[in-house]
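See structure below.
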Amino acid sequence: EREQPAREGAPVPASPATRRRARELGVDLRQVEPGGPHGRVTNEDVQRAAQK
Amino acid sequence: MPRTEIDLQQTISYLSILDEEGNADEELVPDLDDDTLHRLFRVMLLSRRFDERLLQLQRQGRLGTFAPVKGQEAAQIGAMAPLRRTDWFVPSFRETAAALWRDTPLSGLLLYNAGFNEGGLPPEGNNDLPIAIPVATQVPHAVGLGYAARAQGKDDVAIVFFGDGATSEGDFHEAINFSGVFSTPTIFLCQNNQWAISVPREKQTHSRTLAQKAIAYGIPGIQVDGNDVLAVYAATVEAVERARAGEGPTFIECITYRLSLHTTADDPSRYRSEEEVQTWERKEPLIRFRRYLESRGLLSDQEVERLEQEIKEEIEQAWQEAQVQMENPDPSVMFEHIYADPPDYLQAQRAAFQKEIGGG
Amino acid sequence: MPRTEIDLQQTISYLSILDEEGNADEELVPDLDDDTLHRLFRVMLLSRRFDERLLQLQRQGRLGTFAPVKGQEAAQIGAMAPLRRTDWFVPSFRETAAALWRDTPLSGLLLYNAGFNEGGLPPEGNNDLPIAIPVATQVPHAVGLGYAARAQGKDDVAIVFFGDGATSEGDFHEAINFSGVFSTPTIFLCQNNQWAISVPREKQTHSRTLAQKAIAYGIPGIQVDGNDVLAVYAATVEAVERARAGEGPTFIECITYRLSLHTTADDPSRYRSEEEVQTWERKEPLIRFRRYLESRGLLSDQEVERLEQEIKEEIEQAWQEAQVQMENPDPSVMFEHIYADPPDYLQAQRAAFQKEIGGG
Amino acid sequence: MAKLTMAKALNLALAQEMERDESVCVMGEDVGRDGGVFRITEGLIDRFGDVRVMDTPLAESAIVGVGIGMAVAGLKPICEIQFSGFSYMGIDQLESHAARMRWRSRGRWSVPMVVRAPYGGGVRALEHHSESKEVYYAHTPGLKMVIPSGPRNARALLVSAIRDPDPVVFFEPKAVYRAFREEVPDEEETLPLGKARIVREGGDITLVAYGSMLRPTLEAAEQLAGEGVEPEVIDLLTISPLDDEMIAASVRKNGRVVVVHEAQRSFGAGAEIFARLIEKAFWYLEAPMERVTGYDVIVPFFAREKAYLPDAGRIVRAAHRALL
Amino acid sequence: MAKLTMAKALNLALAQEMERDESVCVMGEDVGRDGGVFRITEGLIDRFGDVRVMDTPLAESAIVGVGIGMAVAGLKPICEIQFSGFSYMGIDQLESHAARMRWRSRGRWSVPMVVRAPYGGGVRALEHHSESKEVYYAHTPGLKMVIPSGPRNARALLVSAIRDPDPVVFFEPKAVYRAFREEVPDEEETLPLGKARIVREGGDITLVAYGSMLRPTLEAAEQLAGEGVEPEVIDLLTISPLDDEMIAASVRKNGRVVVVHEAQRSFGAGAEIFARLIEKAFWYLEAPMERVTGYDVIVPFFAREKAYLPDAGRIVRAAHRALL
Ligand SMILES: Cc1ncc(C[n+]2csc(CCOP(=O)(O)OP(=O)(O)O)c2C)c(N)n1
Ligand SMILES: Cc1ncc(C[n+]2csc(CCOP(=O)(O)OP(=O)(O)O)c2C)c(N)n1
Ligand SMILES: [Mg+2]
Ligand SMILES: [Mg+2]
Ligand SMILES: [Mg+2]
């Protein structure tokens with residue numbers, strides 16, 4: 001795992017399950033504040049973003 | 001004590017009945033009725049002409065690579081003829097002549113050579129295995145088939161064909177050794193056509209004959225003039241009788257010659273001389289057998305002409321039939337017969353495939 | 001023409017020099033100096049006692065499964081003795097006696113039997129291959145080694161050991177055939193100990209002898225009394241001389257007997273009789289050779305006693321050494337020597353492994 | 001019912017099938033008089049004779065090749081290869097003919113044969129006697145690859161394999177042959193090939209194993225349960241065809257998975273399981289899939305066998321990583 | 001520089017290595033006088049003689065086994081197996097000895113051998129002549145498995161394989177042997193084993209291929225580019241050891257990947273690539289990974305060959321799915 005700054009087009013690090021939840025909740029991962037290691041967006045991050 | 005020679009209790013003999021000129025040693029001519037003699041010639045001629053037609057079609061790009069059998073007609077047909085339909089025929093990849101004796105439809109062989117799996121279907125009612133390409137790997141199959149026949153209380157035998165090159169493979173060795181131990185009714189018919197692609201017989205093995213390899217297994221071995229259909233027939237009859245009587249296997253080395261190229265992808269001029277081929281052309285099997293039959297009043301020029309015409313039409317008819325079957329090859333045929341019952345994942349792949357070729 | 005017998009131009013002989021009572025055919029006794037005769041006996045005795053100690057240790061659970069060599073000491077040591085250090089020794093899995101002739105450290109053999117990869121290191125300066133377990137697969141290696149020696153302008157030979165069971169394998173066949181074709185300086189030393197686990201010699205193959213299998217390859221074959229170290233030596237000397245002179249391979253069948261079990265995981269009472277074993281015990285190699293040496297004034301009871309003591313200490317010493325090396329086996333040794341240069345992924349696995357065993 | 005070892009359970013399967021169907025025969029090195037080096041075929045030659053129970057010469061390619069001929073002629077040969085590490089000598093006959101005969105002959109001929117061999121490590125055996133190359137056979141269309149884990153399923157799967165109309169390669173975990181006993185019904189029992197089974201249910205993480213690796217995986221499951229994690233344990237039973245639906249359903253539920261096999265890691269069966277899960281459960285993966293496997297080394301001589309083989313500790317640690 | 005076919009490029013590699021190092025020899029069926037059925041060894045016997053260029057008897061296990069002996073003694077044999085479908089007869093010698101000799105002898109002996117064979121379909125060949133079982137060798141520790149894609153890299157990789165101190169199995173895509181020419185330097189050139197190469201850069205999706213599948217993959221890349229998608233194409237070159245770092249770096253960047261191989265799908269090399277990506281790029285996967293492969297059937301006789309082999313259309317459709 002390596003640190004990398006988010007690039008235009010590069011994937012936001014997240015598990016496939018998190019991506020599915022984001023899609024289901026209408027959340028754009030690129031707009032979510034990542035709370036996991038290495039800039040990873042977690043399920044909790046998505047949940048939080050959806051509730052806003 | 002001084003060295004003592006071990007008595008091996010077996011010898012290897014050479015058998016020849018019909019010489020190159022078509023003169024037969026009458027005492028040795030096997031018991032064959034006129035119809036069978038005629039059929040032997042007809043099928044040898046059919047094989048020869050079919051081979052020529054296949055070569056033509058391959059050069060035109062209508063058929064794929066195949067292995068011509070020119071020169072080996074007597075060695076194959078003479079060996080196939082003593083067998084019953086229920087006896088097992090285990091070919092390698094060059095046994096077209098033997099297959100024709102077994103009434104294998106020409107259209108099926110054409111389909112096979114045109115790259116259609118449908119061409120692999122053995123003729124109904126025959127105990128024929130399909131063409132086997134990895135050299136010598138079919139030899140153990142004939143041992144198992146023979147073993148099974150005896151276990152099932154049948155007196156069927158199994159004949160397996162293979163070349164000189166095949167005798168160098170481990171499967172050849174393991175199979176014949178099994179056969180010797182279990183005394184299976186298997187006839188090991190070696191088509192020594194002097195070449196294995198570009199490797200001449202002398203470089204394949206250091207034994208003077210191939211027949212003597214039988215001594216390694218404690219089974220009878222005999223060498224015959226493979227271009228002499230009567231000798232091949234006689235030796236095979238003996239082997240078949242021994243096998244049916246429960247006396248086990250026999251190894252028959254047929255000395256013959258591959259008059260054509262190894263396969264249509266081969267260029268023999270790279271490794272053998274035209275003189276050698278000419279020398280063997282003079283010994284080829286059809287000429288001498290025709291002369292013999294003529295001397296017996298069983299064949300005439302007109303009869304041969306008639307046969308040629310009949311054969312030509314038969315081949316053309318088969319080619320027409322094959323071409324009909326070759327139109328619109330349903331590619332999903334490739335999913336058939338992988339298992340008796342296709343598992344789910346394979347059915348899913350077939351469905352996905354069908355969707356893709358349907359348009360996406 | 002009538003069948004003609006083919007002259008095979010070779011025969012298979014049987015050689016015996018020293019009979020069961022220890023009487024030698026003086027005309028045939030090979031040229032061996034006293035030191036070598038003495039060493040032959042010493043190593044045979046060392047092998048016998050080491051075998052017994054290994055069995056003891058295995059029954060105590062200190063060593064794993066191994067293949068005892070009891071009864072085959074003459075067949076192995078007689079065959080190994082004519083070779084130089086630079087000649088190649090290609091064992092199967094039972095050649096402990098031959099390995100001891102080659103001064104293989106006992107501690108290494110003990111380590112191997114205790115399941116340590118370190119025990120596989122061949123002795124320095126020897127052209128010895130490690131133990132080969134898949135039956136007959138080592139036979140082609142000796143063909144390649146011999147071929148290379150000649151290609152490199154050396155006169156080294158290669159001797160390969162294998163059993164009666166091994167002669168049924170395809171690799172045996174393919175290898176010897178290669179050797180015959182390329183005339184490699186390879187000695188094929190068959191230890192016919194009458195059994196392949198529970199399969200007796202007669203069920204392994206239908207040939208009366210194993211030596212006659214040489215005829216299949218057009219190479220010389222000889223059968224010898226494998227419990228007669230002088231006959232084995234003499235036959236091997238001949239084979240070595242032929243090979244060194246560029247005259248190619250020889251097949252030597254040593255008639256011997258596996259006096260012990262197949263491996264320590266075997267129970268011979270299930271498939272052979274005690275009477276048979278007793279019959280062969282009477283023919284075993286050490287007794288007759290001892291008598292012969294005594295008759296030559298080269299051995300006495302006191303000398304044998306001294307040897308026994310020396311050997312006992314040598315074995316104990318080796319066992320002590322081995323046990324020291326067996327303490328604290330570094331498990332990461334399993335990552336060594338997979339490749340000359342360990343690729344990244346393997347180094348990563350080794351690091352991860354080291355971390356796991358470190359504690360987490 | 002009786003409590004049988006796997007060795008005895010396999011013997012029961014063989015004996016009952018040979019009794020039921022006289023075309024069934026057994027062939028291999030030392031299978032007759034000796035009853036097989038692991039005694040799996042014990043007693044069969046006395047019961048069924050030496051035509052149906054063949055002590056063969058030492059020749060694996062012929063054991064398979066002659067078996068193929070016997071099968072084509074209508075027998076049902078069960079070929080024993082003494083150790084899976086010697087099966088490679090027969091792989092050409094399996095790939096080139098056993099797997100193809102039905103297809104090549106357009107269904108005219110078939111090869112209802114079983115090739116069985118003890119596989120895997122854990123019994124302090126010699127080199128080549130602890131191998132686990134099931135992938136060679138799983139990657140070969142026309143074959144099936146089956147690996148039981150205990151006495152009862154071994155018996156049931158072997159019966160199904162014998163009755164299967166196509167060639168089945170049957171690897172028996174030698175470390176389990178006599179490791180424990182289990183109730184095995186006297187009356188015949190089969191299990192369908194190609195179906196895995198859930199050995200332990202749980203909603204937190206899926207552990208997939210087969211063969212001798214089932215036991216350390218169940219041990220690991222116990223440890224995890226003690227930590228408050230509920231693992232679901234799946235025993236594959238058949239490697240090919242793979243029951244990817246059962247595994248995928250479990251992973252879709254749990255989101256986290258550890259696959260365990262003693263075979264070397266790279267290009268091992270675990271990779272294909274991962275691939276199927278990508279194809280069928282991708283959107284439910286919460287964490288990277290883990291595989292606990294043999295290292296990419298040659299199986300070491302037995303003094304280091306334990307270090308090579310996956311154990312409960314390694315599986316638990318992998319589960320912890322998957323639960324992050 | 002000259003524009004060479006792959007066949008000629010391989011021939012160049014062999015000739016130059018044999019010139020440079022007299023321990024290098026060539027052995028196999030019809031490799032001498034005939035120059036090999038694909039003429040890869042053409043001219044070598046005239047230049048180097050029949051001790052270094054051996055026309056062997058018809059026996060694959062011995063070709064490998066005798067080669068092992070030659071290698072242990074210090075020669076560098078390049079064993080030709082006439083078609084990869086016949087290599088299974090030699091796999092026991094490869095797994096049991098070539099792969100193990102260094103390890104078994106604790107580094108005393110080694111087997112610097114190359115076993116090369118034409119592999120794959122696409123040339124309307126007979127049964128068994130279009131096989132692609134690279135996984136058998138990739139799953140065998142101690143071996144390396146290399147598959148070039150074009151003339152230049154074939155030459156460079158073969159030189160490296162010959163110089164490699166360990167056994168290398170070298171599969172040559174026969175469909176590419178004479179399919180096109182490429183500039184190949186006269187002076188010697190090598191490529192490191194175990195390193196893939198990026199053939200085309202792109203930021204939208206990663207396409208991984210090898211051997212004869214590179215061409216349809218590049219065709220697919222062209223089509224995708226025409227649709228406004230920028231594919232990155234990686235040519236593996238070596239299957240084992242796999243350059244997972246290069247593939248993972250690309251997938252971490254692109255998030256979407258299609259793997260292409262003609263080998264059967266299940267337990268194929270694509271599965272291991274998926275597994276490595278799970279291990280190294282999991283968090284960057286934006287869609288299920290796709291694999292475009294041969295079906296899990298026996299390679300059909302050539303009339304249906306095109307339907308079996310992956311083509312640009314199938315690859316494009318898989319890319320579309322991965323881009324959803
Ligand atoms: C195991 C194997 N290796 C290589 C080949 C390629 N090949 C096809 S035929 C042939 C020569 C066979 O020689 P022989 O046994 O004498 O039969 P012939 O071609 O002369 O009929 C070879 C090498 C093959 N089919 N199978
Ligand atoms: C290819 C292979 N198959 C099976 C075995 C198991 N096995 C080990 S030794 C042996 C019998 C070998 O008999 P033989 O060649 O006579 O040698 P011996 O044990 O008598 O020395 C068998 C079957 C093996 N090691 N290799
Ligand atoms: Mg073999
Ligand atoms: Mg031939
Ligand atoms: Mg023996």
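Just remember, in the structure tokens the first chain shown is A, the second B, etc., residues are 1-based per chain, and ligands are 1-based in the order shown.
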
Which protein, DNA or RNA residues have an atom within 9 Å of ligand 2, counting only C-alpha atoms and all ligand atoms, as a ChimeraX atom specification? /C:67-69,92-95,132-137,162-169,190-201,204,257-258,262-263 /D:29-30,57-60,81-83,85-89,128-129

Can you pull out every residue within 6 Å of Glu272 (chain E), counting only C-alpha atoms, but drop anything in the same chain fewer than 2 positions away, and send it as a short mmCIF file (atom, residue, chain, number, x, y, z; two decimals) with N, CA, C and O atoms, in the first residue's frame?
```cif
data_model
loop_
_atom_site.label_atom_id
_atom_site.label_comp_id
_atom_site.auth_asym_id
_atom_site.auth_seq_id
_atom_site.Cartn_x
_atom_site.Cartn_y
_atom_site.Cartn_z
N PHE D 267 -0.56 -19.56 -8.53
CA PHE D 267 -1.30 -20.38 -9.49
C PHE D 267 -1.98 -21.57 -8.83
O PHE D 267 -2.32 -22.55 -9.50
N ALA D 271 -6.24 -19.06 -6.11
CA ALA D 271 -6.33 -18.00 -7.11
C ALA D 271 -7.65 -18.09 -7.87
O ALA D 271 -8.32 -17.09 -8.13
N ALA E 269 -3.84 -18.64 -15.89
CA ALA E 269 -2.93 -17.62 -15.36
C ALA E 269 -3.70 -16.36 -14.95
O ALA E 269 -3.27 -15.63 -14.06
N GLY E 270 -4.83 -16.10 -15.58
CA GLY E 270 -5.62 -14.94 -15.22
C GLY E 270 -6.05 -14.95 -13.77
O GLY E 270 -6.11 -13.91 -13.11
N PHE E 274 -5.42 -12.01 -11.03
CA PHE E 274 -6.48 -11.47 -10.18
C PHE E 274 -6.04 -11.53 -8.71
O PHE E 274 -6.18 -10.56 -7.95
N ALA E 275 -5.50 -12.65 -8.30
CA ALA E 275 -5.12 -12.82 -6.90
C ALA E 275 -4.05 -11.82 -6.49
O ALA E 275 -4.12 -11.22 -5.42
#
```

Surrounding residues of region 23-29 of chain A excluding itself and chain neighbours under 3 positions, 12 Å, only C-alpha atoms, as a PyMOL selection string: (chain A and resi 6+10-20+32-35+39-43+45-52) or (chain D and resi 283) or (chain E and resi 286)

Please write the residues from the selection above to a file, keeping N, CA, C and O atoms, as a compact mmCIF listing (two decimals), in the first residue's frame.
```
# COMPACT_ATOMS: atom_id res chain seq x y z
N ALA A 6 -4.78 12.07 -4.48
CA ALA A 6 -5.87 11.78 -5.40
C ALA A 6 -5.62 12.50 -6.71
O ALA A 6 -5.38 13.69 -6.73
N ALA A 10 -7.83 8.96 -11.15
CA ALA A 10 -7.33 7.83 -10.38
C ALA A 10 -8.40 7.42 -9.36
O ALA A 10 -9.15 8.25 -8.88
N PRO A 11 -8.48 6.16 -9.07
CA PRO A 11 -9.55 5.70 -8.17
C PRO A 11 -9.36 6.24 -6.75
O PRO A 11 -8.25 6.35 -6.25
N VAL A 12 -10.47 6.55 -6.14
CA VAL A 12 -10.46 6.84 -4.71
C VAL A 12 -10.37 5.50 -4.00
O VAL A 12 -11.16 4.61 -4.27
N PRO A 13 -9.39 5.33 -3.12
CA PRO A 13 -9.27 4.02 -2.49
C PRO A 13 -10.48 3.71 -1.60
O PRO A 13 -10.84 4.50 -0.74
N ALA A 14 -11.11 2.57 -1.88
CA ALA A 14 -12.26 2.13 -1.10
C ALA A 14 -12.51 0.68 -1.45
O ALA A 14 -12.15 0.24 -2.54
N SER A 15 -13.12 -0.06 -0.54
CA SER A 15 -13.41 -1.46 -0.87
C SER A 15 -14.57 -1.48 -1.86
O SER A 15 -15.36 -0.53 -1.95
N PRO A 16 -14.70 -2.57 -2.63
CA PRO A 16 -15.84 -2.69 -3.54
C PRO A 16 -17.17 -2.57 -2.80
O PRO A 16 -18.11 -1.97 -3.32
N ALA A 17 -17.24 -3.06 -1.58
CA ALA A 17 -18.49 -2.95 -0.82
C ALA A 17 -18.81 -1.50 -0.50
O ALA A 17 -19.96 -1.07 -0.56
N THR A 18 -17.77 -0.75 -0.17
CA THR A 18 -17.97 0.67 0.10
C THR A 18 -18.44 1.38 -1.17
O THR A 18 -19.33 2.23 -1.12
N ARG A 19 -17.85 1.05 -2.28
CA ARG A 19 -18.26 1.67 -3.55
C ARG A 19 -19.73 1.37 -3.83
O ARG A 19 -20.46 2.25 -4.31
N ARG A 20 -20.13 0.14 -3.55
CA ARG A 20 -21.52 -0.22 -3.79
C ARG A 20 -22.43 0.59 -2.90
O ARG A 20 -23.44 1.15 -3.37
N VAL A 32 -16.13 12.63 -0.59
CA VAL A 32 -16.17 12.16 0.80
C VAL A 32 -14.83 12.37 1.48
O VAL A 32 -13.77 12.16 0.91
N GLU A 33 -14.88 12.82 2.73
CA GLU A 33 -13.67 12.97 3.53
C GLU A 33 -13.18 11.58 3.92
O GLU A 33 -13.87 10.86 4.63
N PRO A 34 -11.98 11.16 3.46
CA PRO A 34 -11.53 9.79 3.76
C PRO A 34 -11.06 9.66 5.21
O PRO A 34 -10.27 10.49 5.67
N GLY A 35 -11.58 8.66 5.90
CA GLY A 35 -11.21 8.47 7.29
C GLY A 35 -10.30 7.27 7.49
O GLY A 35 -9.78 7.05 8.58
N GLY A 39 -5.64 7.38 2.83
CA GLY A 39 -6.65 8.09 2.06
C GLY A 39 -7.86 7.25 1.69
O GLY A 39 -8.62 7.59 0.80
N ARG A 40 -8.06 6.17 2.42
CA ARG A 40 -9.14 5.25 2.09
C ARG A 40 -10.47 5.76 2.63
O ARG A 40 -10.55 6.26 3.74
N VAL A 41 -11.49 5.64 1.77
CA VAL A 41 -12.85 6.00 2.20
C VAL A 41 -13.50 4.74 2.77
O VAL A 41 -13.55 3.72 2.12
N THR A 42 -14.00 4.85 3.98
CA THR A 42 -14.59 3.68 4.64
C THR A 42 -16.11 3.73 4.57
O THR A 42 -16.70 4.77 4.20
N ASN A 43 -16.73 2.67 4.97
CA ASN A 43 -18.19 2.62 5.04
C ASN A 43 -18.74 3.73 5.93
O ASN A 43 -19.75 4.36 5.62
N ASP A 45 -17.37 6.60 6.57
CA ASP A 45 -17.24 7.87 5.85
C ASP A 45 -18.42 8.08 4.91
O ASP A 45 -18.98 9.18 4.82
N VAL A 46 -18.76 7.03 4.20
CA VAL A 46 -19.88 7.13 3.24
C VAL A 46 -21.18 7.37 3.98
O VAL A 46 -22.00 8.20 3.57
N GLN A 47 -21.36 6.63 5.06
CA GLN A 47 -22.58 6.79 5.86
C GLN A 47 -22.74 8.23 6.32
O GLN A 47 -23.80 8.83 6.20
N ARG A 48 -21.64 8.75 6.83
CA ARG A 48 -21.63 10.13 7.32
C ARG A 48 -21.97 11.08 6.19
O ARG A 48 -22.79 11.99 6.32
N ALA A 49 -21.33 10.86 5.02
CA ALA A 49 -21.57 11.75 3.88
C ALA A 49 -23.02 11.67 3.43
O ALA A 49 -23.61 12.68 3.03
N ALA A 50 -23.60 10.49 3.51
CA ALA A 50 -24.99 10.33 3.06
C ALA A 50 -25.95 11.06 3.97
O ALA A 50 -27.00 11.55 3.55
N GLN A 51 -25.56 11.13 5.24
CA GLN A 51 -26.48 11.76 6.20
C GLN A 51 -26.45 13.29 6.15
O GLN A 51 -27.33 13.95 6.70
N LYS A 52 -25.48 13.81 5.45
CA LYS A 52 -25.38 15.27 5.40
C LYS A 52 -26.46 15.82 4.48
O LYS A 52 -26.74 15.28 3.43
N TRP D 283 -18.86 -6.90 -5.35
CA TRP D 283 -19.41 -5.71 -4.70
C TRP D 283 -19.66 -5.90 -3.21
O TRP D 283 -20.13 -4.99 -2.53
N GLU E 286 -12.25 -0.45 -9.12
CA GLU E 286 -13.53 0.25 -9.22
C GLU E 286 -14.62 -0.61 -9.84
O GLU E 286 -15.79 -0.23 -9.82
```

Nearest to ligand 3 by atom-to-atom distance, counting only C-alpha atoms and all ligand atoms, from B:Leu8, B:Ala231, B:Ala175, B:Met80: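 Closest residue, counting only C-alpha atoms and all ligand atoms: B:Ala175.
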
Check every residue of chain D for an atom within 10 Å of chain C, counting only C-alpha atoms, and provide those that qualify as a PyMOL selection string. chain D and resi 29-38+55-62+85-86+89+123-129+266+295-308+313-314+317

Pick out the chain E residues within 12 Å of chain A. Count only C-alpha atoms. Give them as a PyMOL selection string. chain E and resi 202-205+230+245+248-256+277-289

Got a sec to pull out which chain C residues are within 7 Å of chain B, counting only C-alpha atoms, and send them as a PyMOL selection string? chain C and resi 1-6+11-17+25+168-171+173-174+177+180-181+203-208+212-213+215-218

Go ahead and write the selection's residues with C-alpha atoms as a short mmCIF file (atom, residue, chain, number, x, y, z; two decimals), in the first residue's frame.
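Result written to out_33.cif:
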```
data_model
loop_
_atom_site.label_atom_id
_atom_site.label_comp_id
_atom_site.auth_asym_id
_atom_site.auth_seq_id
_atom_site.Cartn_x
_atom_site.Cartn_y
_atom_site.Cartn_z
CA MET C 1 10.43 -67.66 -49.06
CA PRO C 2 10.19 -69.65 -45.84
CA ARG C 3 10.66 -67.88 -42.55
CA THR C 4 14.25 -67.17 -41.85
CA GLU C 5 15.63 -66.67 -38.40
CA ILE C 6 17.19 -63.28 -37.86
CA THR C 11 23.91 -63.10 -26.71
CA ILE C 12 23.30 -62.65 -23.03
CA SER C 13 25.70 -64.38 -20.68
CA TYR C 14 25.71 -65.18 -16.99
CA LEU C 15 28.79 -64.56 -14.86
CA SER C 16 29.61 -65.95 -11.46
CA ILE C 17 33.04 -66.09 -9.86
CA ASP C 25 36.96 -69.55 -10.01
CA SER C 168 8.96 -51.39 -16.27
CA GLU C 169 9.06 -47.60 -16.37
CA GLY C 170 9.05 -45.62 -19.58
CA ASP C 171 12.02 -43.56 -18.47
CA HIS C 173 13.30 -47.49 -21.85
CA GLU C 174 13.68 -44.02 -23.28
CA ASN C 177 17.46 -46.26 -26.12
CA GLY C 180 22.36 -46.89 -27.50
CA VAL C 181 21.79 -44.35 -30.25
CA LYS C 203 4.96 -60.31 -12.11
CA GLN C 204 7.02 -57.29 -13.05
CA THR C 205 7.83 -58.46 -16.55
CA HIS C 206 7.41 -61.60 -18.65
CA SER C 207 10.99 -61.75 -19.90
CA ARG C 208 12.99 -64.55 -18.35
CA GLN C 212 17.90 -59.56 -22.20
CA LYS C 213 16.14 -56.20 -22.32
CA ILE C 215 18.72 -56.62 -26.90
CA ALA C 216 15.89 -54.16 -27.45
CA TYR C 217 18.46 -51.36 -27.57
CA GLY C 218 21.23 -53.14 -29.42
#
```

Using only C-alpha atoms and all ligand atoms, which of the listed residues (E:Asp50, E:Glu131, E:Glu219, E:Asp92) sits closest to ligand 3?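 Smallest separation from ligand 3 among the options: E:Asp92.
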
One decimal, Å: what's the distance from CA of Gly297 (chain C) over to CA of Ile315 (chain C), could you say?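 Atom-to-atom, CA of Gly297 (chain C) to CA of Ile315 (chain C), that is 27.3 Å.
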
For Lys133 (chain D), find every residue with an atom within 10 Å (counting only C-alpha atoms), except residues of its own chain fewer than 6 positions away, and show them as a short mmCIF file (atom, residue, chain, number, x, y, z; two decimals) with N, CA and C atoms, in the first residue's frame.
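As written to disk, out21.cif reads:
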```cif
data_model
loop_
_atom_site.label_atom_id
_atom_site.label_comp_id
_atom_site.auth_asym_id
_atom_site.auth_seq_id
_atom_site.Cartn_x
_atom_site.Cartn_y
_atom_site.Cartn_z
N SER D 84 0.62 -39.01 -5.01
CA SER D 84 0.26 -38.04 -6.05
C SER D 84 1.49 -37.48 -6.75
N GLY D 85 2.61 -37.46 -6.04
CA GLY D 85 3.86 -36.95 -6.65
C GLY D 85 4.35 -37.81 -7.79
N SER D 87 2.07 -39.00 -9.98
CA SER D 87 0.98 -38.98 -10.94
C SER D 87 1.37 -38.25 -12.22
N TYR D 88 2.42 -37.43 -12.15
CA TYR D 88 2.77 -36.64 -13.33
C TYR D 88 3.19 -37.55 -14.49
N TYR D 119 -2.44 -37.65 -1.27
CA TYR D 119 -1.75 -36.39 -1.55
C TYR D 119 -1.46 -35.66 -0.25
N GLY D 120 -0.60 -34.67 -0.36
CA GLY D 120 -0.36 -33.75 0.74
C GLY D 120 0.62 -34.26 1.77
N PHE D 171 -7.93 -37.12 -5.00
CA PHE D 171 -6.78 -36.99 -4.10
C PHE D 171 -7.23 -37.21 -2.66
N GLU D 262 -2.70 -26.33 1.12
CA GLU D 262 -1.29 -26.59 1.34
C GLU D 262 -0.48 -26.48 0.06
N ALA D 263 -1.14 -26.54 -1.08
CA ALA D 263 -0.44 -26.38 -2.35
C ALA D 263 0.28 -25.04 -2.37
N GLN D 264 1.31 -24.96 -3.17
CA GLN D 264 2.03 -23.71 -3.31
C GLN D 264 1.05 -22.59 -3.66
N GLY D 268 -2.18 -21.47 -7.52
CA GLY D 268 -2.87 -22.53 -6.80
C GLY D 268 -4.39 -22.37 -6.89
N ALA D 269 -5.10 -23.31 -6.29
CA ALA D 269 -6.56 -23.29 -6.37
C ALA D 269 -7.14 -22.03 -5.75
N TYR E 136 0.56 -25.33 -15.83
CA TYR E 136 1.23 -26.51 -15.27
C TYR E 136 2.64 -26.11 -14.81
N HIS E 139 2.96 -23.18 -11.97
CA HIS E 139 2.62 -23.65 -10.61
C HIS E 139 3.71 -24.55 -10.04
N THR E 140 4.85 -24.62 -10.69
CA THR E 140 5.91 -25.54 -10.27
C THR E 140 7.12 -24.76 -9.80
#
```

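Separating CA of Val259 (chain D) from CA of Gly122 (chain D) is a distance of 19.0 Å.
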
Distance criterion (only C-alpha atoms): nearest to chain D out of E:Ser110, E:Gln93, E:Ser23, E:Thr41: E:Gln93

Interatomic distance between CA of Ala99 (chain D) and CA of Lys144 (chain D)?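 So the answer is 9.0 Å.
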
Contacts of Val64 (chain D) at 8 Å or less, counting only C-alpha atoms, minus same-chain residues fewer than 6 places along, as a list in words?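 Residues meeting the cut-off are Cys79, Gly90, Gln93, Leu94 and Val115 of chain D.
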
Quick one: DSSP strand (DSSP E) residues in region 89-180 of chain B, as a list of chain:residue names?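 Residues of region 89-180 of chain B classed as strand (DSSP E): B:Phe89, B:Val90, B:Ala158, B:Ile159, B:Val160, B:Phe161, B:Phe162, B:Gly163.
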
Please extract the residues of region 197-319 of chain C with a backbone DSSP assignment of alpha helix (DSSP H) and present them as a PyMOL selection string. chain C and resi 201-204+229-244+274-281+285-295+301-319
